[in-house]
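Engineer: Coordinates in work37.cif, mmCIF, C-alpha atoms and all ligand atoms, are listed below.
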```cif
data_data
#
loop_
_atom_site.group_PDB
_atom_site.id
_atom_site.type_symbol
_atom_site.label_atom_id
_atom_site.label_comp_id
_atom_site.auth_asym_id
_atom_site.auth_seq_id
_atom_site.Cartn_x
_atom_site.Cartn_y
_atom_site.Cartn_z
ATOM 1 C CA MET Z 324 -13.592 -21.265 -20.023
ATOM 2 C CA SER Z 325 -10.968 -20.455 -17.463
ATOM 3 C CA GLU Z 326 -11.214 -17.851 -14.738
ATOM 4 C CA THR Z 327 -8.390 -15.521 -13.841
ATOM 5 C CA LYS Z 328 -7.408 -15.390 -10.202
ATOM 6 C CA ALA Z 329 -9.040 -11.997 -9.789
ATOM 7 C CA THR Z 330 -12.479 -13.315 -10.729
ATOM 8 C CA LEU Z 331 -12.489 -16.371 -8.453
ATOM 9 C CA LEU Z 332 -15.551 -16.567 -6.261
ATOM 10 C CA LYS Z 333 -15.011 -16.004 -2.560
ATOM 11 C CA ALA Z 334 -17.382 -16.096 0.353
ATOM 12 C CA PRO Z 335 -17.212 -16.004 4.132
ATOM 13 C CA PHE Z 336 -17.961 -19.389 5.651
ATOM 14 C CA GLU Z 337 -18.882 -19.828 9.299
ATOM 15 C CA LEU Z 338 -19.006 -23.141 11.052
ATOM 16 C CA SER Z 339 -20.622 -23.142 14.457
ATOM 17 C CA TYR Z 340 -21.635 -25.892 16.867
ATOM 18 C CA LYS Z 341 -23.558 -24.910 19.956
ATOM 19 C CA TYR Z 342 -22.692 -27.826 22.193
ATOM 20 C CA LYS Z 343 -23.757 -28.341 25.758
ATOM 21 C CA ARG Z 344 -21.747 -30.766 27.776
ATOM 22 C CA SER Z 345 -21.713 -32.005 31.321
ATOM 23 C CA SER Z 346 -18.575 -31.339 33.320
ATOM 24 C CA GLY Z 347 -19.159 -34.402 35.478
ATOM 25 C CA PRO Z 348 -18.895 -34.659 39.284
ATOM 26 C CA ILE Z 349 -15.156 -33.888 39.558
ATOM 27 C CA MET Z 350 -14.658 -31.123 37.029
ATOM 28 C CA SER Z 351 -17.894 -29.443 38.130
ATOM 29 C CA GLN Z 352 -16.268 -28.836 41.519
ATOM 30 C CA VAL Z 353 -13.192 -27.432 39.804
ATOM 31 C CA PHE Z 354 -15.230 -24.965 37.726
ATOM 32 C CA GLU Z 355 -17.333 -23.975 40.727
ATOM 33 C CA GLY Z 356 -14.076 -23.427 42.620
ATOM 34 C CA LEU Z 357 -12.772 -21.092 39.920
ATOM 35 C CA ALA Z 358 -15.860 -18.905 40.355
ATOM 36 C CA LYS Z 359 -14.903 -18.665 44.061
ATOM 37 C CA LYS Z 360 -11.319 -17.713 43.126
ATOM 38 C CA LYS Z 361 -9.948 -21.108 44.069
ATOM 39 C CA ILE Z 362 -7.823 -23.352 41.846
ATOM 40 C CA LEU Z 363 -8.341 -27.023 42.646
ATOM 41 C CA GLY Z 364 -5.946 -29.799 41.690
ATOM 42 C CA SER Z 365 -6.374 -33.580 41.940
ATOM 43 C CA LYS Z 366 -4.318 -35.532 44.443
ATOM 44 C CA SER Z 367 -3.409 -39.149 43.769
ATOM 45 C CA LYS Z 368 -2.790 -41.948 46.312
ATOM 46 C CA ALA Z 369 0.936 -41.388 45.796
ATOM 47 C CA ASN Z 370 0.446 -37.697 46.718
ATOM 48 C CA LYS Z 371 1.042 -36.470 43.187
ATOM 49 C CA VAL Z 372 -1.008 -33.326 42.510
ATOM 50 C CA TYR Z 373 -2.388 -32.691 39.046
ATOM 51 C CA ALA Z 374 -3.324 -29.121 38.127
ATOM 52 C CA PRO Z 375 -5.288 -28.730 35.933
ATOM 53 C CA ALA Z 376 -7.352 -31.317 37.776
ATOM 54 C CA ALA Z 377 -7.837 -34.711 36.206
ATOM 55 C CA GLU Z 378 -10.529 -37.340 36.688
ATOM 56 C CA TYR Z 379 -8.095 -40.223 36.375
ATOM 57 C CA ASP Z 380 -4.379 -40.636 37.035
ATOM 58 C CA PRO Z 381 -2.678 -40.850 33.622
ATOM 59 C CA HIS Z 382 -0.008 -43.199 35.046
ATOM 60 C CA THR Z 383 -1.801 -45.477 37.507
ATOM 61 C CA ARG Z 384 -5.309 -45.070 35.997
ATOM 62 C CA GLU Z 385 -6.761 -44.663 39.488
ATOM 63 C CA ALA Z 386 -9.877 -42.518 39.812
ATOM 64 C CA LEU Z 387 -8.894 -39.161 41.303
ATOM 65 C CA THR Z 388 -11.539 -37.911 43.705
ATOM 66 C CA GLU Z 389 -9.554 -35.820 46.213
ATOM 67 C CA LEU Z 390 -9.320 -32.172 45.280
ATOM 68 C CA ILE Z 391 -6.936 -29.764 47.012
ATOM 69 C CA GLU Z 392 -6.336 -26.073 46.543
ATOM 70 C CA VAL Z 393 -3.217 -25.055 44.601
ATOM 71 C CA GLY Z 394 -1.780 -21.682 43.560
ATOM 72 C CA PRO Z 395 -2.825 -18.938 43.018
ATOM 73 C CA GLY Z 396 0.908 -18.326 42.487
ATOM 74 C CA GLY Z 397 3.309 -20.471 40.527
ATOM 75 C CA ILE Z 398 6.323 -20.515 38.243
ATOM 76 C CA ILE Z 399 6.682 -20.278 34.476
ATOM 77 C CA GLU Z 400 7.682 -23.651 33.101
ATOM 78 C CA SER Z 401 7.680 -22.497 29.471
ATOM 79 C CA TRP Z 402 6.124 -19.703 27.459
ATOM 80 C CA SER Z 403 5.435 -18.423 23.977
ATOM 81 C CA TRP Z 404 4.943 -14.759 23.100
ATOM 82 C CA VAL Z 405 1.967 -13.673 20.972
ATOM 83 C CA HIS Z 406 3.028 -10.491 19.162
ATOM 84 C CA GLN Z 407 -0.230 -9.923 17.345
ATOM 85 C CA PRO Z 408 -3.307 -11.381 19.015
ATOM 86 C CA SER Z 409 -6.083 -12.314 16.593
ATOM 87 C CA ASN Z 410 -9.694 -11.464 17.296
ATOM 88 C CA HIS Z 411 -10.159 -14.966 18.747
ATOM 89 C CA HIS Z 412 -7.731 -14.382 21.590
ATOM 90 C CA LEU Z 413 -9.137 -13.338 24.952
ATOM 91 C CA ILE Z 414 -6.387 -10.732 25.352
ATOM 92 C CA GLN Z 415 -6.058 -8.113 22.632
ATOM 93 C CA THR Z 416 -2.626 -6.749 23.521
ATOM 94 C CA PRO Z 417 0.646 -8.708 23.153
ATOM 95 C CA PHE Z 418 0.758 -11.479 25.766
ATOM 96 C CA ALA Z 419 2.275 -14.907 26.429
ATOM 97 C CA PHE Z 420 0.783 -18.346 26.479
ATOM 98 C CA ALA Z 421 2.586 -20.170 29.264
ATOM 99 C CA LEU Z 422 2.772 -23.468 31.078
ATOM 100 C CA ILE Z 423 2.489 -22.522 34.733
ATOM 101 C CA LYS Z 424 3.349 -24.889 37.571
ATOM 102 C CA LEU Z 425 1.137 -23.711 40.412
ATOM 103 C CA ASP Z 426 2.354 -23.834 44.010
ATOM 104 C CA GLY Z 427 1.505 -27.252 45.422
ATOM 105 C CA ALA Z 428 1.104 -28.882 41.995
ATOM 106 C CA ASP Z 429 3.367 -31.362 40.228
ATOM 107 C CA THR Z 430 2.143 -30.592 36.719
ATOM 108 C CA ALA Z 431 1.846 -27.403 34.686
ATOM 109 C CA MET Z 432 -1.272 -25.653 33.436
ATOM 110 C CA LEU Z 433 -1.667 -23.713 30.195
ATOM 111 C CA HIS Z 434 -2.793 -20.133 30.660
ATOM 112 C CA MET Z 435 -1.912 -16.584 29.637
ATOM 113 C CA ILE Z 436 0.477 -14.015 31.091
ATOM 114 C CA SER Z 437 -0.405 -10.377 30.442
ATOM 115 C CA ASP Z 438 0.581 -6.856 31.534
ATOM 116 C CA CYS Z 439 4.277 -7.460 30.900
ATOM 117 C CA GLU Z 440 6.949 -7.093 28.259
ATOM 118 C CA LYS Z 441 8.364 -10.050 26.419
ATOM 119 C CA SER Z 442 11.772 -9.225 27.914
ATOM 120 C CA ASP Z 443 10.326 -9.628 31.445
ATOM 121 C CA LEU Z 444 9.574 -13.301 30.901
ATOM 122 C CA ALA Z 445 11.885 -16.161 31.814
ATOM 123 C CA ILE Z 446 11.426 -19.796 32.741
ATOM 124 C CA GLY Z 447 11.350 -20.020 36.535
ATOM 125 C CA ASN Z 448 9.876 -16.542 37.076
ATOM 126 C CA ARG Z 449 7.024 -16.327 39.553
ATOM 127 C CA VAL Z 450 3.515 -15.405 38.435
ATOM 128 C CA LYS Z 451 0.130 -15.089 40.143
ATOM 129 C CA ALA Z 452 -3.464 -15.332 39.018
ATOM 130 C CA VAL Z 453 -5.606 -12.277 38.269
ATOM 131 C CA TRP Z 454 -9.267 -13.094 38.829
ATOM 132 C CA SER Z 455 -12.269 -12.036 36.816
ATOM 133 C CA GLU Z 456 -14.882 -10.039 38.752
ATOM 134 C CA THR Z 457 -17.643 -11.586 36.625
ATOM 135 C CA PRO Z 458 -17.169 -15.329 37.181
ATOM 136 C CA THR Z 459 -18.690 -17.791 34.721
ATOM 137 C CA GLU Z 460 -17.489 -21.071 36.270
ATOM 138 C CA SER Z 461 -14.957 -21.540 33.499
ATOM 139 C CA ILE Z 462 -11.196 -21.404 33.094
ATOM 140 C CA ALA Z 463 -11.668 -17.785 31.974
ATOM 141 C CA ASP Z 464 -12.461 -16.924 35.611
ATOM 142 C CA ILE Z 465 -8.690 -16.626 35.789
ATOM 143 C CA GLN Z 466 -8.349 -13.614 33.492
ATOM 144 C CA HIS Z 467 -4.635 -14.179 33.110
ATOM 145 C CA PHE Z 468 -1.469 -14.358 35.214
ATOM 146 C CA ILE Z 469 0.867 -11.485 35.976
ATOM 147 C CA LEU Z 470 4.506 -11.469 37.021
ATOM 148 C CA ASP Z 471 5.000 -11.628 40.797
ATOM 149 C CA ILE Z 472 8.556 -10.528 41.404
ATOM 150 C CA MET S 870 -16.317 -35.836 47.478
ATOM 151 C CA SER S 871 -19.648 -37.287 48.480
ATOM 152 C CA ASN S 872 -21.398 -39.413 45.895
ATOM 153 C CA ASP S 873 -24.801 -37.875 46.536
ATOM 154 C CA GLN S 874 -23.579 -34.550 45.212
ATOM 155 C CA ALA S 875 -25.293 -34.050 41.869
ATOM 156 C CA PRO S 876 -23.044 -33.216 38.957
ATOM 157 C CA LYS S 877 -23.287 -29.644 37.790
ATOM 158 C CA ASP S 878 -25.795 -29.120 35.023
ATOM 159 C CA TYR S 879 -24.690 -28.745 31.452
ATOM 160 C CA ARG S 880 -22.366 -25.988 30.317
ATOM 161 C CA GLU S 881 -22.448 -24.146 27.010
ATOM 162 C CA SER S 882 -19.514 -25.170 24.880
ATOM 163 C CA LEU S 883 -19.641 -23.142 21.703
ATOM 164 C CA ILE S 884 -17.335 -24.030 18.842
ATOM 165 C CA HIS S 885 -17.179 -21.324 16.200
ATOM 166 C CA LEU S 886 -14.874 -21.187 13.190
ATOM 167 C CA GLU S 887 -14.720 -18.443 10.562
ATOM 168 C CA TYR S 888 -13.290 -19.138 7.144
ATOM 169 C CA GLN S 889 -12.847 -17.226 3.917
ATOM 170 C CA TYR S 890 -13.767 -19.762 1.251
ATOM 171 C CA THR S 891 -12.174 -19.401 -2.177
ATOM 172 C CA ALA S 892 -13.937 -21.448 -4.810
ATOM 173 C CA GLY S 893 -11.054 -22.177 -7.199
ATOM 174 C CA SER S 894 -11.342 -21.994 -10.981
ATOM 175 C CA ALA S 895 -13.411 -25.148 -11.631
ATOM 176 C CA THR S 896 -15.987 -24.368 -8.942
ATOM 177 C CA THR S 897 -16.074 -20.682 -9.935
ATOM 178 C CA THR S 898 -16.821 -21.632 -13.541
ATOM 179 C CA PHE S 899 -19.464 -24.123 -12.406
ATOM 180 C CA LEU S 900 -21.190 -21.694 -10.037
ATOM 181 C CA ASN S 901 -21.157 -18.875 -12.609
ATOM 182 C CA GLN S 902 -23.153 -21.228 -14.855
ATOM 183 C CA VAL S 903 -25.427 -22.298 -12.002
ATOM 184 C CA LYS S 904 -26.268 -18.642 -11.477
ATOM 185 C CA GLU S 905 -27.616 -18.662 -15.056
ATOM 186 C CA GLY S 906 -29.609 -21.839 -14.461
ATOM 187 C CA ARG S 907 -27.189 -24.178 -16.263
ATOM 188 C CA LEU S 908 -25.460 -27.304 -14.992
ATOM 189 C CA VAL S 909 -22.083 -27.722 -16.689
ATOM 190 C CA GLY S 910 -19.757 -30.539 -15.724
ATOM 191 C CA GLN S 911 -16.191 -31.193 -16.774
ATOM 192 C CA ALA S 912 -14.848 -34.305 -18.499
ATOM 193 C CA CYS S 913 -11.448 -35.916 -18.214
ATOM 194 C CA PRO S 914 -9.650 -35.824 -21.582
ATOM 195 C CA LYS S 915 -8.196 -39.285 -20.897
ATOM 196 C CA CYS S 916 -10.942 -41.462 -19.355
ATOM 197 C CA GLN S 917 -13.887 -39.272 -20.461
ATOM 198 C CA ALA S 918 -15.486 -39.401 -16.989
ATOM 199 C CA VAL S 919 -17.839 -36.462 -16.439
ATOM 200 C CA TYR S 920 -17.661 -34.723 -13.071
ATOM 201 C CA VAL S 921 -20.433 -32.502 -11.697
ATOM 202 C CA PRO S 922 -19.818 -30.444 -9.678
ATOM 203 C CA PRO S 923 -16.337 -30.372 -11.240
ATOM 204 C CA ARG S 924 -13.291 -30.046 -9.002
ATOM 205 C CA GLY S 925 -10.897 -29.319 -11.860
ATOM 206 C CA SER S 926 -9.079 -32.631 -12.028
ATOM 207 C CA CYS S 927 -9.716 -36.328 -12.575
ATOM 208 C CA PRO S 928 -8.885 -38.340 -9.449
ATOM 209 C CA ARG S 929 -8.461 -41.461 -11.603
ATOM 210 C CA ASP S 930 -5.874 -39.982 -13.970
ATOM 211 C CA GLY S 931 -4.551 -37.024 -12.005
ATOM 212 C CA ILE S 932 -4.973 -34.604 -14.890
ATOM 213 C CA ALA S 933 -7.004 -31.429 -15.419
ATOM 214 C CA THR S 934 -10.596 -31.867 -16.596
ATOM 215 C CA THR S 935 -10.472 -29.397 -19.466
ATOM 216 C CA ILE S 936 -13.594 -30.400 -21.426
ATOM 217 C CA GLU S 937 -16.834 -28.633 -20.533
ATOM 218 C CA VAL S 938 -19.943 -30.817 -20.714
ATOM 219 C CA PRO S 939 -23.373 -29.163 -20.586
ATOM 220 C CA LEU S 940 -25.847 -31.383 -18.726
ATOM 221 C CA THR S 941 -29.602 -31.305 -18.354
ATOM 222 C CA ASP S 942 -31.250 -30.989 -14.969
ATOM 223 C CA LYS S 943 -32.625 -34.544 -15.223
ATOM 224 C CA GLY S 944 -31.171 -37.638 -13.655
ATOM 225 C CA CYS S 945 -31.927 -40.422 -11.232
ATOM 226 C CA ILE S 946 -31.662 -41.258 -7.548
ATOM 227 C CA GLU S 947 -28.462 -43.218 -7.035
ATOM 228 C CA SER S 948 -29.093 -43.676 -3.311
ATOM 229 C CA PHE S 949 -31.061 -41.902 -0.611
ATOM 230 C CA THR S 950 -31.673 -41.633 3.088
ATOM 231 C CA VAL S 951 -34.702 -40.593 5.127
ATOM 232 C CA VAL S 952 -33.714 -38.021 7.742
ATOM 233 C CA HIS S 953 -35.780 -38.285 10.936
ATOM 234 C CA ILE S 954 -33.620 -36.321 13.369
ATOM 235 C CA PRO S 955 -33.936 -32.521 13.287
ATOM 236 C CA ILE S 956 -30.708 -30.578 12.883
ATOM 237 C CA PRO S 957 -30.652 -27.383 15.020
ATOM 238 C CA GLY S 958 -30.923 -24.339 12.778
ATOM 239 C CA ASN S 959 -32.031 -26.355 9.748
ATOM 240 C CA PRO S 960 -35.397 -25.024 8.506
ATOM 241 C CA ILE S 961 -36.392 -28.332 6.884
ATOM 242 C CA VAL S 962 -38.810 -30.303 9.069
ATOM 243 C CA PRO S 963 -38.147 -34.084 9.299
ATOM 244 C CA PRO S 964 -38.876 -36.566 7.956
ATOM 245 C CA TYR S 965 -37.331 -35.591 4.621
ATOM 246 C CA VAL S 966 -35.181 -37.295 2.032
ATOM 247 C CA CYS S 967 -31.607 -36.554 0.993
ATOM 248 C CA ALA S 968 -30.422 -38.320 -2.129
ATOM 249 C CA MET S 969 -27.301 -38.761 -4.157
ATOM 250 C CA VAL S 970 -28.474 -37.317 -7.469
ATOM 251 C CA ARG S 971 -26.871 -38.699 -10.618
ATOM 252 C CA LEU S 972 -27.462 -36.355 -13.549
ATOM 253 C CA ASP S 973 -27.741 -37.933 -16.994
ATOM 254 C CA LYS S 974 -24.299 -38.286 -18.663
ATOM 255 C CA ALA S 975 -22.497 -37.610 -15.356
ATOM 256 C CA ASN S 976 -20.209 -40.151 -13.700
ATOM 257 C CA ILE S 977 -20.506 -38.851 -10.160
ATOM 258 C CA SER S 978 -23.457 -37.806 -8.035
ATOM 259 C CA PHE S 979 -24.095 -34.992 -5.595
ATOM 260 C CA LEU S 980 -26.282 -34.607 -2.519
ATOM 261 C CA HIS S 981 -29.639 -32.842 -2.813
ATOM 262 C CA LEU S 982 -33.204 -32.928 -1.496
ATOM 263 C CA ILE S 983 -36.072 -34.973 -2.906
ATOM 264 C CA GLN S 984 -39.598 -33.565 -2.605
ATOM 265 C CA GLY S 985 -42.919 -33.849 -4.377
ATOM 266 C CA VAL S 986 -43.399 -37.542 -3.628
ATOM 267 C CA GLU S 987 -44.473 -39.695 -0.688
ATOM 268 C CA ILE S 988 -41.362 -40.901 1.133
ATOM 269 C CA ASP S 989 -42.526 -44.525 0.893
ATOM 270 C CA ASN S 990 -42.563 -44.245 -2.902
ATOM 271 C CA ILE S 991 -38.980 -43.044 -3.257
ATOM 272 C CA ARG S 992 -36.677 -45.679 -4.713
ATOM 273 C CA ILE S 993 -33.184 -46.059 -6.121
ATOM 274 C CA GLY S 994 -33.185 -45.560 -9.883
ATOM 275 C CA MET S 995 -36.201 -43.230 -9.813
ATOM 276 C CA ARG S 996 -36.158 -40.557 -12.539
ATOM 277 C CA ILE S 997 -36.031 -37.002 -11.209
ATOM 278 C CA GLN S 998 -35.686 -33.426 -12.411
ATOM 279 C CA ALA S 999 -34.581 -30.212 -10.719
ATOM 280 C CA VAL S 1000 -37.212 -27.820 -9.386
ATOM 281 C CA TRP S 1001 -35.661 -24.368 -9.608
ATOM 282 C CA LYS S 1002 -36.294 -21.300 -7.514
ATOM 283 C CA PRO S 1003 -37.667 -18.238 -9.353
ATOM 284 C CA LYS S 1004 -34.963 -16.812 -11.633
ATOM 285 C CA GLU S 1005 -34.778 -13.545 -9.643
ATOM 286 C CA GLU S 1006 -33.496 -15.521 -6.660
ATOM 287 C CA TRP S 1007 -30.652 -17.284 -8.464
ATOM 288 C CA THR S 1008 -27.204 -16.892 -6.897
ATOM 289 C CA HIS S 1009 -23.872 -18.726 -7.101
ATOM 290 C CA SER S 1010 -25.316 -21.770 -5.336
ATOM 291 C CA LEU S 1011 -26.834 -25.172 -5.988
ATOM 292 C CA GLU S 1012 -29.582 -23.941 -3.679
ATOM 293 C CA ASN S 1013 -30.958 -22.328 -6.857
ATOM 294 C CA ILE S 1014 -32.431 -25.803 -7.161
ATOM 295 C CA LYS S 1015 -35.074 -26.087 -4.438
ATOM 296 C CA TRP S 1016 -35.123 -29.878 -4.717
ATOM 297 C CA PHE S 1017 -35.455 -32.681 -7.216
ATOM 298 C CA ALA S 1018 -38.895 -34.147 -7.926
ATOM 299 C CA PRO S 1019 -39.883 -37.362 -9.701
ATOM 300 C CA ILE S 1020 -40.783 -37.289 -13.398
ATOM 301 C CA ASP S 1021 -42.887 -39.767 -15.330
ATOM 302 C CA GLU S 1022 -40.128 -41.851 -16.908
ATOM 303 C CA PRO S 1023 -39.163 -45.509 -16.377
ATOM 304 C CA ASP S 1024 -36.667 -46.219 -13.569
ATOM 305 C CA ILE S 1025 -32.995 -46.727 -14.380
ATOM 306 C CA ASP S 1026 -31.088 -49.846 -13.375
ATOM 307 C CA VAL S 1027 -28.348 -48.115 -11.360
ATOM 308 C CA SER S 1028 -25.951 -51.027 -11.906
ATOM 309 C CA THR S 1029 -25.665 -49.721 -15.492
ATOM 310 C CA LEU S 1030 -24.316 -46.436 -14.119
ATOM 311 C CA ARG S 1031 -21.082 -48.018 -12.989
ATOM 312 C CA PHE S 1032 -18.126 -46.290 -14.604
ATOM 313 C CA GLN S 1033 -16.394 -48.125 -17.436
ATOM 314 C CA ALA S 1034 -13.130 -46.534 -18.564
ATOM 315 C CA SER S 1035 -13.241 -46.025 -22.303
HETATM 316 ZN ZN ZN J 1 -9.753 -39.516 -16.066
#
```
Starting from the file, give its structure as structure tokens.
Structural biologist:
Amino acid sequence: MSETKATLLKAPFELSYKYKRSSGPIMSQVFEGLAKKKILGSKSKANKVYAPAAEYDPHTREALTELIEVGPGGIIESWSWVHQPSNHHLIQTPFAFALIKLDGADTAMLHMISDCEKSDLAIGNRVKAVWSETPTESIADIQHFILDI
Amino acid sequence: MSNDQAPKDYRESLIHLEYQYTAGSATTTFLNQVKEGRLVGQACPKCQAVYVPPRGSCPRDGIATTIEVPLTDKGCIESFTVVHIPIPGNPIVPPYVCAMVRLDKANISFLHLIQGVEIDNIRIGMRIQAVWKPKEEWTHSLENIKWFAPIDEPDIDVSTLRFQAS
């Protein structure tokens, strides 16, 4: 017996894992900083600043323990426009995912740029963080970035 | 940073994925039969291997399994494991036994529960039969079978179950 396409069985399927994880001694400070509207980066012995913060230097493998404040402004290093956000996105109107090099940092951080038109965006444009008023000690404490021209 | 500073306690890190699962024709046919309390596998027209649950093709020959093969709900334990660690959200209380169930005439096995027997008495080759839920509760799911329970028949030497291409 064969089934036509119209009669194929379908069902919603949800996969959910409720993990708890420790942020560790370094990243805990970073998340606590976000709740206080501070973005912390990691400074290496060679004065290279990683933001987002890292626990180890990806080049020298040294443990990174010194945290310094970076941002809250920065420049767009690259971006990608989301025309139609899905219900999983934190922003429900068209926005951009962007790599943002924060002031004082040598690396770029992935975040979102909102409250702008696609035509407003260009690599090198300045942006600044917009903070959540209900901090949760997570990266979402930065709601998004906006253009700062 | 000072070393005596305690790391922050644990943070929730929820991973949640939503899918729309489409069964495909072989699984749809199989589950429509399961809803009626029947277990129907599919055989490969070339090597004659019987697959249950069928996936619609023979991985050995790469062709569609077009022959329907009605099976009984009897078989044997091909292998099993005793689960001691509780799984969050799983209503079954450990320790319990999951087994690869090999139905008679089938050439593959599927995972199901074993109940109705002391765990220490469960063994490979043991004869078992499905224990079904009440008919009113049957849906398109192998959960229509509550579990498999031992039956009073001599054990099977599972080495004889090895597939021999005909
Ligand atoms: Zn075959």
Engineer: In terms of the shortest atom-to-atom distance over only C-alpha atoms and all ligand atoms, which of S:Ile997, S:Leu980, S:Ala933, S:Leu1030 is closest to ligand ZN 1 (chain J)?
Structural biologist: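 Selected residue with least distance to ligand ZN 1 (chain J): S:Ala933.
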Engineer: Evaluate the PyMOL selection byres ((chain S) within 12 of (chain Z)) on the structure here and hand back the selected residues as a count of residues only.
Structural biologist: 49
Engineer: As a quick test: using only C-alpha atoms and all ligand atoms, which residues lie no more than 12 Å away from ligand ZN 1 (chain J)? Give them as a VMD selection string.
Structural biologist: chain S and resid 911 to 920 925 to 936 976 1032 to 1035
Engineer: State, in Å with one decimal place, the distance from atom CA of Phe949 of chain S to atom CA of Ile961 of chain S.
Structural biologist: 16.4 Å
Engineer: Smallest atom-to-atom distance to Leu908 of chain S: which of S:Glu1022, S:Glu947, S:Leu1011, S:Arg924, using all atoms listed in the file?
Structural biologist: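 Closest to Leu908 of chain S, using all atoms listed in the file: S:Leu1011.
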Engineer: To one decimal place, how far is atom CA of His406 of chain Z from atom CA of Met435 of chain Z in Å?
Structural biologist: 13.1 Å
